[in-house]
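Structure file input-v8.pdb with PDB, C-alpha atoms:
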ATOM      1  CA  MET L 238     160.333  95.584 174.276
ATOM      2  CA  LEU L 239     162.648  98.327 173.088
ATOM      3  CA  PRO L 240     162.286 102.135 173.179
ATOM      4  CA  TYR L 241     161.185 103.487 169.805
ATOM      5  CA  HIS L 242     161.324 107.314 169.857
ATOM      6  CA  GLY L 243     158.649 107.735 172.464
ATOM      7  CA  GLN L 244     156.694 104.621 171.390
ATOM      8  CA  ILE L 245     156.992 100.927 172.219
ATOM      9  CA  MET L 246     158.719  98.790 169.612
ATOM     10  CA  THR L 247     156.512  95.746 169.244
ATOM     11  CA  GLU L 248     157.267  92.627 167.244
ATOM     12  CA  THR L 249     155.311  94.079 164.306
ATOM     13  CA  THR L 250     157.120  97.426 164.167
ATOM     14  CA  ALA L 251     160.493  95.730 164.637
ATOM     15  CA  GLN L 252     159.938  93.841 161.370
ATOM     16  CA  ARG L 253     159.218  96.959 159.364
ATOM     17  CA  HIS L 254     161.827  98.653 157.175
ATOM     18  CA  ARG L 255     162.628 102.357 157.524
ATOM     19  CA  TYR L 256     163.806 104.537 154.646
ATOM     20  CA  PHE L 257     164.970 108.119 154.262
ATOM     21  CA  ILE L 258     164.073 110.054 151.136
ATOM     22  CA  TYR L 259     165.630 113.392 150.190
ATOM     23  CA  ILE L 260     163.143 115.790 148.610
ATOM     24  CA  ALA L 261     163.645 118.973 146.585
ATOM     25  CA  TYR L 262     160.650 121.226 146.098
ATOM     26  CA  ASP L 263     159.406 124.610 144.999
ATOM     27  CA  GLY L 264     157.102 125.660 147.823
ATOM     28  CA  ALA L 265     155.159 128.325 145.901
ATOM     29  CA  ALA L 266     152.028 126.227 145.400
ATOM     30  CA  TYR L 267     151.934 124.675 148.887
ATOM     31  CA  HIS L 268     150.904 125.676 152.388
ATOM     32  CA  GLY L 269     154.266 124.573 153.746
ATOM     33  CA  TRP L 270     155.630 121.131 154.541
ATOM     34  CA  GLN L 271     153.135 120.006 157.165
ATOM     35  CA  ILE L 272     149.752 118.497 156.331
ATOM     36  CA  GLN L 273     147.019 121.148 156.499
ATOM     37  CA  PRO L 274     143.256 120.602 156.889
ATOM     38  CA  ASN L 275     142.352 123.061 154.128
ATOM     39  CA  GLY L 276     145.402 123.321 151.880
ATOM     40  CA  SER L 277     147.910 121.281 149.924
ATOM     41  CA  SER L 278     151.226 120.399 151.559
ATOM     42  CA  ILE L 279     154.486 118.769 150.538
ATOM     43  CA  GLN L 280     154.127 116.109 153.239
ATOM     44  CA  GLU L 281     150.694 114.964 152.086
ATOM     45  CA  THR L 282     151.594 115.008 148.389
ATOM     46  CA  VAL L 283     154.689 112.835 148.874
ATOM     47  CA  ALA L 284     152.982 110.490 151.355
ATOM     48  CA  ASN L 285     150.152 109.848 148.902
ATOM     49  CA  ALA L 286     152.621 108.991 146.136
ATOM     50  CA  ILE L 287     154.508 106.563 148.390
ATOM     51  CA  SER L 288     151.235 104.949 149.493
ATOM     52  CA  THR L 289     150.275 104.402 145.859
ATOM     53  CA  ILE L 290     153.536 102.633 145.040
ATOM     54  CA  LEU L 291     153.685 100.511 148.205
ATOM     55  CA  ARG L 292     149.938  99.828 148.192
ATOM     56  CA  GLU L 293     149.744 100.537 151.893
ATOM     57  CA  LYS L 294     148.854 103.657 153.879
ATOM     58  CA  THR L 295     152.137 105.444 154.490
ATOM     59  CA  GLU L 296     152.991 108.420 156.678
ATOM     60  CA  ILE L 297     156.219 110.385 156.339
ATOM     61  CA  THR L 298     158.079 112.494 158.901
ATOM     62  CA  GLY L 299     160.268 115.356 157.727
ATOM     63  CA  ALA L 300     163.422 116.796 159.245
ATOM     64  CA  GLY L 301     161.563 120.063 159.820
ATOM     65  CA  ARG L 302     158.541 122.143 158.880
ATOM     66  CA  THR L 303     159.086 124.717 156.170
ATOM     67  CA  ASP L 304     156.519 127.526 156.034
ATOM     68  CA  THR L 305     154.188 128.463 153.192
ATOM     69  CA  GLY L 306     156.133 129.274 150.036
ATOM     70  CA  VAL L 307     159.531 128.178 151.419
ATOM     71  CA  ASN L 308     161.652 125.906 149.212
ATOM     72  CA  ALA L 309     164.037 123.018 149.813
ATOM     73  CA  THR L 310     166.906 121.581 147.823
ATOM     74  CA  ALA L 311     167.233 118.555 150.142
ATOM     75  CA  MET L 312     164.567 117.914 152.786
ATOM     76  CA  PRO L 313     165.062 114.485 154.405
ATOM     77  CA  ALA L 314     162.004 112.528 155.518
ATOM     78  CA  HIS L 315     161.511 108.987 156.763
ATOM     79  CA  PHE L 316     158.787 106.395 156.272
ATOM     80  CA  ASP L 317     158.207 102.745 157.172
ATOM     81  CA  THR L 318     157.075  99.851 155.030
ATOM     82  CA  GLN L 319     156.206  96.260 155.890
ATOM     83  CA  THR L 320     158.169  94.911 152.926
ATOM     84  CA  GLY L 321     161.643  95.993 151.922
ATOM     85  CA  ILE L 322     162.297  98.018 148.779
ATOM     86  CA  ALA L 323     164.314  95.841 146.396
ATOM     87  CA  SER L 324     165.746  98.734 144.380
ATOM     88  CA  PRO L 325     165.796 102.181 146.038
ATOM     89  CA  ASP L 326     166.827 103.751 142.723
ATOM     90  CA  ARG L 327     163.821 102.301 140.875
ATOM     91  CA  PHE L 328     161.570 103.303 143.775
ATOM     92  CA  THR L 329     162.860 106.879 143.456
ATOM     93  CA  GLU L 330     162.131 106.845 139.711
ATOM     94  CA  LYS L 331     158.581 105.595 140.295
ATOM     95  CA  LEU L 332     157.986 108.293 142.895
ATOM     96  CA  ASN L 333     159.124 111.022 140.543
ATOM     97  CA  ARG L 334     156.771 109.792 137.824
ATOM     98  CA  LEU L 335     153.852 110.200 140.235
ATOM     99  CA  LEU L 336     154.866 113.494 141.841
ATOM    100  CA  PRO L 337     154.066 116.931 140.363
ATOM    101  CA  LYS L 338     156.863 118.771 138.575
ATOM    102  CA  ASP L 339     157.536 121.095 141.531
ATOM    103  CA  ILE L 340     158.508 118.169 143.801
ATOM    104  CA  SER L 341     161.392 115.780 143.161
ATOM    105  CA  VAL L 342     162.808 112.915 145.233
ATOM    106  CA  LEU L 343     166.594 112.895 144.949
ATOM    107  CA  LYS L 344     167.367 109.533 146.537
ATOM    108  CA  THR L 345     166.040 106.773 148.805
ATOM    109  CA  ILE L 346     168.232 105.200 151.488
ATOM    110  CA  GLU L 347     167.469 102.421 153.987
ATOM    111  CA  THR L 348     168.281 103.245 157.607
ATOM    112  CA  LYS L 349     168.244 101.570 160.975
ATOM    113  CA  PRO L 350     164.671 100.943 162.227
ATOM    114  CA  ASP L 351     164.904 103.654 164.888
ATOM    115  CA  ALA L 352     166.503 106.375 162.726
ATOM    116  CA  HIS L 353     164.465 109.588 162.835
ATOM    117  CA  ALA L 354     164.610 112.347 160.208
ATOM    118  CA  ARG L 355     163.820 115.071 162.739
ATOM    119  CA  PHE L 356     165.251 113.957 166.075
ATOM    120  CA  ASP L 357     168.504 112.486 164.733
ATOM    121  CA  ALA L 358     169.438 115.564 162.710
ATOM    122  CA  VAL L 359     172.771 117.026 163.844
ATOM    123  CA  SER L 360     172.474 120.315 161.949
ATOM    124  CA  ARG L 361     170.307 122.145 159.450
ATOM    125  CA  THR L 362     171.379 124.797 156.929
ATOM    126  CA  TYR L 363     169.196 127.435 155.306
ATOM    127  CA  ARG L 364     170.062 129.989 152.638
ATOM    128  CA  TYR L 365     168.271 133.238 151.877
ATOM    129  CA  HIS L 366     168.854 135.023 148.555
ATOM    130  CA  ILE L 367     168.510 138.752 147.933
ATOM    131  CA  THR L 368     169.174 140.831 144.823
ATOM    132  CA  SER L 369     169.233 144.448 143.684
ATOM    133  CA  ARG L 370     168.737 143.334 140.079
ATOM    134  CA  ARG L 371     165.435 144.005 138.317
ATOM    135  CA  ASP L 372     165.158 140.692 136.517
ATOM    136  CA  PRO L 373     161.879 138.889 135.724
ATOM    137  CA  PHE L 374     163.673 135.527 135.748
ATOM    138  CA  CYS L 375     165.169 135.629 139.239
ATOM    139  CA  GLY L 376     162.418 137.345 141.226
ATOM    140  CA  ARG L 377     160.702 134.061 141.997
ATOM    141  CA  TYR L 378     163.549 132.795 144.168
ATOM    142  CA  LYS L 379     165.216 136.017 145.327
ATOM    143  CA  TYR L 380     164.014 138.932 147.421
ATOM    144  CA  ARG L 381     164.587 142.159 145.485
ATOM    145  CA  LEU L 382     165.663 145.260 147.426
ATOM    146  CA  SER L 383     165.876 148.689 145.831
ATOM    147  CA  TYR L 384     168.070 150.300 148.513
ATOM    148  CA  ALA L 385     171.724 149.928 149.471
ATOM    149  CA  LEU L 386     172.787 147.760 152.406
ATOM    150  CA  ASP L 387     175.891 147.762 154.589
ATOM    151  CA  PHE L 388     176.779 144.066 154.488
ATOM    152  CA  SER L 389     179.823 144.594 156.685
ATOM    153  CA  LYS L 390     177.573 145.714 159.543
ATOM    154  CA  MET L 391     175.093 142.961 158.739
ATOM    155  CA  ASN L 392     177.857 140.384 159.163
ATOM    156  CA  GLU L 393     178.926 141.973 162.444
ATOM    157  CA  ALA L 394     175.365 141.567 163.651
ATOM    158  CA  ALA L 395     175.151 138.014 162.276
ATOM    159  CA  ALA L 396     178.230 137.089 164.309
ATOM    160  CA  MET L 397     176.248 137.939 167.462
ATOM    161  CA  LEU L 398     173.883 135.083 166.649
ATOM    162  CA  ILE L 399     176.585 132.437 166.982
ATOM    163  CA  GLY L 400     176.268 130.170 170.002
ATOM    164  CA  LYS L 401     173.627 128.507 172.141
ATOM    165  CA  LYS L 402     170.994 131.125 172.942
ATOM    166  CA  ASP L 403     167.312 131.804 173.431
ATOM    167  CA  PHE L 404     165.951 133.056 170.079
ATOM    168  CA  THR L 405     162.412 133.926 171.190
ATOM    169  CA  SER L 406     162.799 137.355 169.561
ATOM    170  CA  PHE L 407     162.903 135.645 166.155
ATOM    171  CA  SER L 408     160.236 133.002 166.723
ATOM    172  CA  ARG L 409     156.613 132.923 165.701
ATOM    173  CA  LEU L 410     154.406 133.412 168.756
ATOM    174  CA  HIS L 411     152.284 130.674 170.370
ATOM    175  CA  THR L 412     154.104 127.654 168.979
ATOM    176  CA  ASP L 413     154.106 124.243 170.675
ATOM    177  CA  VAL L 414     157.884 123.875 171.179
ATOM    178  CA  LYS L 415     159.219 123.267 174.685
ATOM    179  CA  THR L 416     162.236 125.557 174.334
ATOM    180  CA  ASN L 417     163.368 128.421 172.115
ATOM    181  CA  ILE L 418     167.052 127.700 172.674
ATOM    182  CA  CYS L 419     169.031 126.933 169.501
ATOM    183  CA  ASP L 420     172.748 126.512 168.865
ATOM    184  CA  ILE L 421     173.805 128.484 165.781
ATOM    185  CA  SER L 422     177.223 127.504 164.401
ATOM    186  CA  HIS L 423     177.336 129.642 161.247
ATOM    187  CA  ALA L 424     175.634 132.849 160.101
ATOM    188  CA  LYS L 425     177.107 134.931 157.296
ATOM    189  CA  TRP L 426     176.281 137.051 154.248
ATOM    190  CA  GLU L 427     178.331 136.360 151.097
ATOM    191  CA  GLN L 428     178.357 138.252 147.813
ATOM    192  CA  ASN L 429     177.695 136.236 144.653
ATOM    193  CA  ASP L 430     178.103 139.034 142.112
ATOM    194  CA  GLU L 431     177.514 142.772 141.787
ATOM    195  CA  HIS L 432     173.799 142.424 142.526
ATOM    196  CA  ASP L 433     173.260 139.207 144.481
ATOM    197  CA  TRP L 434     173.945 138.209 148.096
ATOM    198  CA  THR L 435     173.218 135.024 150.039
ATOM    199  CA  PHE L 436     172.748 134.600 153.781
ATOM    200  CA  THR L 437     173.712 131.132 155.045
ATOM    201  CA  ILE L 438     172.809 129.992 158.553
ATOM    202  CA  THR L 439     173.431 126.640 160.246
ATOM    203  CA  ALA L 440     172.070 125.472 163.611
ATOM    204  CA  ASP L 441     171.117 122.324 165.468
ATOM    205  CA  ARG L 442     167.459 123.374 165.183
ATOM    206  CA  PHE L 443     165.324 126.311 164.071
ATOM    207  CA  LEU L 444     162.130 127.852 165.393
ATOM    208  CA  ARG L 445     159.067 128.645 163.283
ATOM    209  CA  ASN L 446     159.728 131.709 161.108
ATOM    210  CA  MET L 447     163.173 132.120 162.715
ATOM    211  CA  VAL L 448     165.343 132.529 159.618
ATOM    212  CA  ARG L 449     162.967 134.949 157.913
ATOM    213  CA  ALA L 450     162.763 137.088 161.071
ATOM    214  CA  ILE L 451     166.554 137.100 161.465
ATOM    215  CA  VAL L 452     167.053 138.142 157.833
ATOM    216  CA  GLY L 453     164.488 140.918 158.149
ATOM    217  CA  THR L 454     166.194 142.261 161.268
ATOM    218  CA  LEU L 455     169.649 142.040 159.676
ATOM    219  CA  ILE L 456     168.354 144.042 156.724
ATOM    220  CA  ASP L 457     167.269 146.734 159.211
ATOM    221  CA  VAL L 458     170.881 146.776 160.445
ATOM    222  CA  GLY L 459     172.136 147.096 156.861
ATOM    223  CA  ARG L 460     169.794 150.022 156.225
ATOM    224  CA  GLY L 461     170.929 151.823 159.374
ATOM    225  CA  LYS L 462     167.514 151.518 161.050
ATOM    226  CA  THR L 463     168.922 149.234 163.763
ATOM    227  CA  SER L 464     172.352 149.663 165.355
ATOM    228  CA  LEU L 465     174.638 146.802 166.326
ATOM    229  CA  GLU L 466     173.941 147.460 170.004
ATOM    230  CA  GLN L 467     170.215 147.472 169.344
ATOM    231  CA  PHE L 468     170.559 144.154 167.515
ATOM    232  CA  ARG L 469     172.311 142.688 170.550
ATOM    233  CA  GLN L 470     169.507 143.969 172.757
ATOM    234  CA  ILE L 471     166.884 142.447 170.464
ATOM    235  CA  ILE L 472     168.417 139.000 171.037
ATOM    236  CA  GLU L 473     168.551 139.546 174.796
ATOM    237  CA  LYS L 474     164.971 140.867 175.105
ATOM    238  CA  LYS L 475     163.393 137.557 173.990
ATOM    239  CA  ASP L 476     160.499 139.564 172.557
ATOM    240  CA  ARG L 477     159.310 139.033 168.978
ATOM    241  CA  CYS L 478     157.873 142.566 168.855
ATOM    242  CA  SER L 479     161.367 144.028 169.269
ATOM    243  CA  ALA L 480     162.762 142.386 166.111
ATOM    244  CA  GLY L 481     162.217 143.361 162.482
ATOM    245  CA  SER L 482     159.586 142.135 160.052
ATOM    246  CA  SER L 483     159.899 138.727 158.435
ATOM    247  CA  VAL L 484     161.043 138.654 154.821
ATOM    248  CA  PRO L 485     159.063 136.729 152.158
ATOM    249  CA  GLY L 486     159.412 132.946 152.080
ATOM    250  CA  ASN L 487     160.006 132.538 148.341
ATOM    251  CA  ALA L 488     163.737 133.358 148.655
ATOM    252  CA  LEU L 489     164.384 130.897 151.504
ATOM    253  CA  PHE L 490     165.771 127.399 150.914
ATOM    254  CA  LEU L 491     166.417 124.494 153.269
ATOM    255  CA  CYS L 492     169.696 123.290 151.766
ATOM    256  CA  GLU L 493     171.198 120.622 153.989
ATOM    257  CA  VAL L 494     170.434 118.437 156.986
ATOM    258  CA  THR L 495     173.280 116.355 158.435
ATOM    259  CA  TYR L 496     173.211 113.075 160.381
ATOM    260  CA  ASP L 497     175.678 110.716 161.966
ATOM    261  CA  LYS L 498     176.581 108.120 159.331
ATOM    262  CA  ASP L 499     175.830 105.189 161.613
ATOM    263  CA  ILE L 500     172.028 105.582 161.218
ATOM    264  CA  PHE L 501     172.263 104.419 157.583
ATOM    265  CA  LEU L 502     172.502 100.772 156.538
TER     266      LEU L 502
END
Exercise: express the given structure as structure tokens:
Amino acid sequence: MLPYHGQIMTETTAQRHRYFIYIAYDGAAYHGWQIQPNGSSIQETVANAISTILREKTEITGAGRTDTGVNATAMPAHFDTQTGIASPDRFTEKLNRLLPKDISVLKTIETKPDAHARFDAVSRTYRYHITSRRDPFCGRYKYRLSYALDFSKMNEAAAMLIGKKDFTSFSRLHTDVKTNICDISHAKWEQNDEHDWTFTITADRFLRNMVRAIVGTLIDVGRGKTSLEQFRQIIEKKDRCSAGSSVPGNALFLCEVTYDKDIFL
């Protein structure tokens, strides 16, 4: 018997085929990625569509767990099926015909049987969008601020996030993770035009609510409410109460998850 991500690979599971799908979704109508007992989720909606096509009960595992209202342009997830999928492109088309308009599967790829969407991820990238523009057509996916920000100072503070550190100060309390240590490789604000800015952050993993808490605290730096030294101390304190408020989820997007190429067939 072979190890199978914490399970035992039996003869039956060894014969199954594993596939990755890449999902884009508008999270406004959902209670996040993960299946909820009393609310709709992306995970359940997609799993039900796959089960309908394959005619077998199917569970899917995502690369992460986006919160209520958070969006994704490319969330990878894996699932197993007893029979192989003859045409991944046609399977993707069938899925999209069944799924609601706010969820779209971008592609389906077969992987090695032990490939795991969450545990094999090398990095994840999120983007948060803010604007000073009063525009009824962009407010759904951008966080509008009516005050000026010092983005130079915000980027100085963002640079302090780089590296392998304990990010308890930016994590939701009472989660079930074993460690709050993450390795952030990129964190930077960039200007798109006169009114719009985007914060991009890449790490090996993220904690619950982490990006939204970081953005909220960086905005406090940009407003002059928090100094650069105070921001450094917030990281070191490992205390969520010391950091700023979380920003709304509607302007946050999971944009990319990377893997080693050798997990794909």
- Write out as a list in words each polymer residue whose atoms come within 6 Å of range 361-369 of chain L, counting only C-alpha atoms; drop sequence neighbours fewer than 2 positions from it.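 Contacts, in chain order: Lys379, Tyr380, Arg381, Leu382, Ser383, His432, Asp433, Trp434, Thr435, Phe436, Thr437, Ile438, Thr439, Ala440, Ala488, Leu489, Phe490, Leu491, Cys492, Glu493 and Val494 of chain L.
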- Item | Counting all atoms listed in the file, the option among L:Phe356, L:Phe374, L:Phe328, L:Phe443 closest to Ile290 in chain L | L:Phe328
Report as a PDB file with C-alpha atoms, in the frame of the given file the full result of the PyMOL selection byres ((chain L and resi 335-350) around 8) when it is applied to this structure.
ATOM      1  CA  ALA L 251     160.493  95.730 164.637  1.00  0.00           C
ATOM      2  CA  ARG L 253     159.218  96.959 159.364  1.00  0.00           C
ATOM      3  CA  HIS L 254     161.827  98.653 157.175  1.00  0.00           C
ATOM      4  CA  ARG L 255     162.628 102.357 157.524  1.00  0.00           C
ATOM      5  CA  TYR L 256     163.806 104.537 154.646  1.00  0.00           C
ATOM      6  CA  PHE L 257     164.970 108.119 154.262  1.00  0.00           C
ATOM      7  CA  ILE L 258     164.073 110.054 151.136  1.00  0.00           C
ATOM      8  CA  TYR L 259     165.630 113.392 150.190  1.00  0.00           C
ATOM      9  CA  ILE L 260     163.143 115.790 148.610  1.00  0.00           C
ATOM     10  CA  ALA L 261     163.645 118.973 146.585  1.00  0.00           C
ATOM     11  CA  TYR L 262     160.650 121.226 146.098  1.00  0.00           C
ATOM     12  CA  ASP L 263     159.406 124.610 144.999  1.00  0.00           C
ATOM     13  CA  GLY L 264     157.102 125.660 147.823  1.00  0.00           C
ATOM     14  CA  ILE L 279     154.486 118.769 150.538  1.00  0.00           C
ATOM     15  CA  THR L 282     151.594 115.008 148.389  1.00  0.00           C
ATOM     16  CA  VAL L 283     154.689 112.835 148.874  1.00  0.00           C
ATOM     17  CA  ALA L 286     152.621 108.991 146.136  1.00  0.00           C
ATOM     18  CA  ALA L 311     167.233 118.555 150.142  1.00  0.00           C
ATOM     19  CA  PRO L 325     165.796 102.181 146.038  1.00  0.00           C
ATOM     20  CA  ASP L 326     166.827 103.751 142.723  1.00  0.00           C
ATOM     21  CA  PHE L 328     161.570 103.303 143.775  1.00  0.00           C
ATOM     22  CA  THR L 329     162.860 106.879 143.456  1.00  0.00           C
ATOM     23  CA  LYS L 331     158.581 105.595 140.295  1.00  0.00           C
ATOM     24  CA  LEU L 332     157.986 108.293 142.895  1.00  0.00           C
ATOM     25  CA  ASN L 333     159.124 111.022 140.543  1.00  0.00           C
ATOM     26  CA  ARG L 334     156.771 109.792 137.824  1.00  0.00           C
ATOM     27  CA  ASP L 351     164.904 103.654 164.888  1.00  0.00           C
ATOM     28  CA  ALA L 352     166.503 106.375 162.726  1.00  0.00           C
ATOM     29  CA  ILE L 500     172.028 105.582 161.218  1.00  0.00           C
ATOM     30  CA  PHE L 501     172.263 104.419 157.583  1.00  0.00           C
ATOM     31  CA  LEU L 502     172.502 100.772 156.538  1.00  0.00           C
TER      32      LEU L 502
END
- Item | Nearest-residue call for Gly306 in chain L, choices L:Lys415, L:Arg370, L:Arg449, L:Ser479, using all atoms listed in the file |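 Using all atoms listed in the file, Gly306 in chain L sits closest to L:Arg449.
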- Query: For this file, the PyMOL selection byres ((chain L and resi 304) around 9) selects which residues, as a VMD selection string?
  - Reply: chain L and resid 264 267 to 271 302 to 303 305 to 308 445 to 446 486
- Message: At a cut-off of 6 Å, using all atoms listed in the file, what residues contact range 459-462 of chain L? Leave out same-chain residues fewer than 2 positions from it and give the result as a PyMOL selection string.
- Response: chain L and resi 386-387+391+456-457
- What is the distance between CA of Lys475 in chain L and CA of Lys390 in chain L, in Å to one decimal?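 If I compute the distance from CA of Lys475 in chain L to CA of Lys390 in chain L, I get 21.8 Å.
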- Message: Counting only C-alpha atoms, which residue out of L:Arg292, L:Lys498, L:Arg409, L:Lys425 sits closest to Ser483 in chain L?
- Response: L:Arg409
- Between CA of Asp476 in chain L and CA of Ser406 in chain L, distance in Å (one decimal):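 Those two atoms sit 4.4 Å apart.
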- Query: CA of Ile471 in chain L to CA of Leu455 in chain L: how many Å, to one decimal?
  - Reply: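 Computing it gives 11.1 Å between the two atoms.
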- Task: Expand the PyMOL selection byres ((chain L and resi 496) around 6) into the individual residues it matches in the shown file, reporting them as a ChimeraX atom specification.
- Result: /L:358-359,495,497
- Which neighbours of Lys474 in chain L fall inside 12 Å, counting all atoms listed in the file, when residues of the same chain fewer than 2 positions from it are skipped, and could you give them as a ChimeraX atom specification? /L:402-407,467-472,476-480
- Query: Between L:Gly400, L:Gly321, L:Tyr384, L:Ile297, which one has atoms that come closest to His353 in chain L, using all atoms listed in the file?
  - Reply: L:Ile297
- Task: Compare L:Gln273, L:Gln319, L:Thr416, L:Gln280 by their minimum atom-to-atom distance to Gly301 in chain L, counting only C-alpha atoms, and give me the closest one.
- Result: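 Selected residue with least distance to Gly301 in chain L: L:Gln280.
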Can you rebuild range 301-308 of chain L with all heavy atoms and give it as an mmCIF file, keeping the file's coordinate frame?
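What landed in rebuild-v8.cif:
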data_model
loop_
_atom_site.group_PDB
_atom_site.id
_atom_site.type_symbol
_atom_site.label_atom_id
_atom_site.label_comp_id
_atom_site.auth_asym_id
_atom_site.auth_seq_id
_atom_site.Cartn_x
_atom_site.Cartn_y
_atom_site.Cartn_z
ATOM 1 N N GLY L 301 162.029 118.787 159.290
ATOM 2 C CA GLY L 301 161.563 120.063 159.820
ATOM 3 C C GLY L 301 160.249 120.431 159.181
ATOM 4 O O GLY L 301 159.623 119.619 158.492
ATOM 5 N N ARG L 302 159.814 121.684 159.425
ATOM 6 C CA ARG L 302 158.541 122.143 158.880
ATOM 7 C C ARG L 302 158.767 123.486 158.178
ATOM 8 O O ARG L 302 158.824 124.517 158.844
ATOM 9 C CB ARG L 302 157.509 122.327 159.986
ATOM 10 C CG ARG L 302 157.219 121.085 160.802
ATOM 11 C CD ARG L 302 156.296 121.440 161.957
ATOM 12 N NE ARG L 302 156.011 120.303 162.807
ATOM 13 C CZ ARG L 302 155.280 120.372 163.921
ATOM 14 N NH1 ARG L 302 154.783 121.542 164.299
ATOM 15 N NH2 ARG L 302 155.060 119.301 164.646
ATOM 16 N N THR L 303 158.930 123.455 156.889
ATOM 17 C CA THR L 303 159.086 124.717 156.170
ATOM 18 C C THR L 303 157.726 125.405 156.046
ATOM 19 O O THR L 303 156.690 124.757 155.935
ATOM 20 C CB THR L 303 159.685 124.493 154.769
ATOM 21 O OG1 THR L 303 158.894 123.525 154.076
ATOM 22 C CG2 THR L 303 161.124 124.009 154.862
ATOM 23 N N ASP L 304 157.743 126.742 156.086
ATOM 24 C CA ASP L 304 156.519 127.526 156.034
ATOM 25 C C ASP L 304 155.982 127.630 154.611
ATOM 26 O O ASP L 304 156.626 127.221 153.642
ATOM 27 C CB ASP L 304 156.775 128.932 156.583
ATOM 28 C CG ASP L 304 157.061 128.933 158.077
ATOM 29 O OD1 ASP L 304 156.583 128.007 158.764
ATOM 30 O OD2 ASP L 304 157.757 129.849 158.556
ATOM 31 N N THR L 305 154.817 128.231 154.494
ATOM 32 C CA THR L 305 154.188 128.463 153.192
ATOM 33 C C THR L 305 155.136 129.191 152.249
ATOM 34 O O THR L 305 155.728 130.208 152.608
ATOM 35 C CB THR L 305 152.911 129.300 153.365
ATOM 36 O OG1 THR L 305 151.988 128.587 154.187
ATOM 37 C CG2 THR L 305 152.268 129.591 152.020
ATOM 38 N N GLY L 306 155.311 128.631 151.045
ATOM 39 C CA GLY L 306 156.133 129.274 150.036
ATOM 40 C C GLY L 306 157.623 129.020 150.135
ATOM 41 O O GLY L 306 158.371 129.341 149.204
ATOM 42 N N VAL L 307 158.098 128.438 151.243
ATOM 43 C CA VAL L 307 159.531 128.178 151.419
ATOM 44 C C VAL L 307 159.931 126.946 150.611
ATOM 45 O O VAL L 307 159.164 125.987 150.473
ATOM 46 C CB VAL L 307 159.869 127.996 152.912
ATOM 47 C CG1 VAL L 307 161.340 127.592 153.100
ATOM 48 C CG2 VAL L 307 159.564 129.275 153.681
ATOM 49 N N ASN L 308 161.154 126.967 150.085
ATOM 50 C CA ASN L 308 161.652 125.906 149.212
ATOM 51 C C ASN L 308 162.663 125.009 149.925
ATOM 52 O O ASN L 308 163.150 125.338 151.000
ATOM 53 C CB ASN L 308 162.324 126.530 147.986
ATOM 54 C CG ASN L 308 161.505 127.654 147.389
ATOM 55 O OD1 ASN L 308 160.434 127.417 146.853
ATOM 56 N ND2 ASN L 308 161.996 128.886 147.500
#
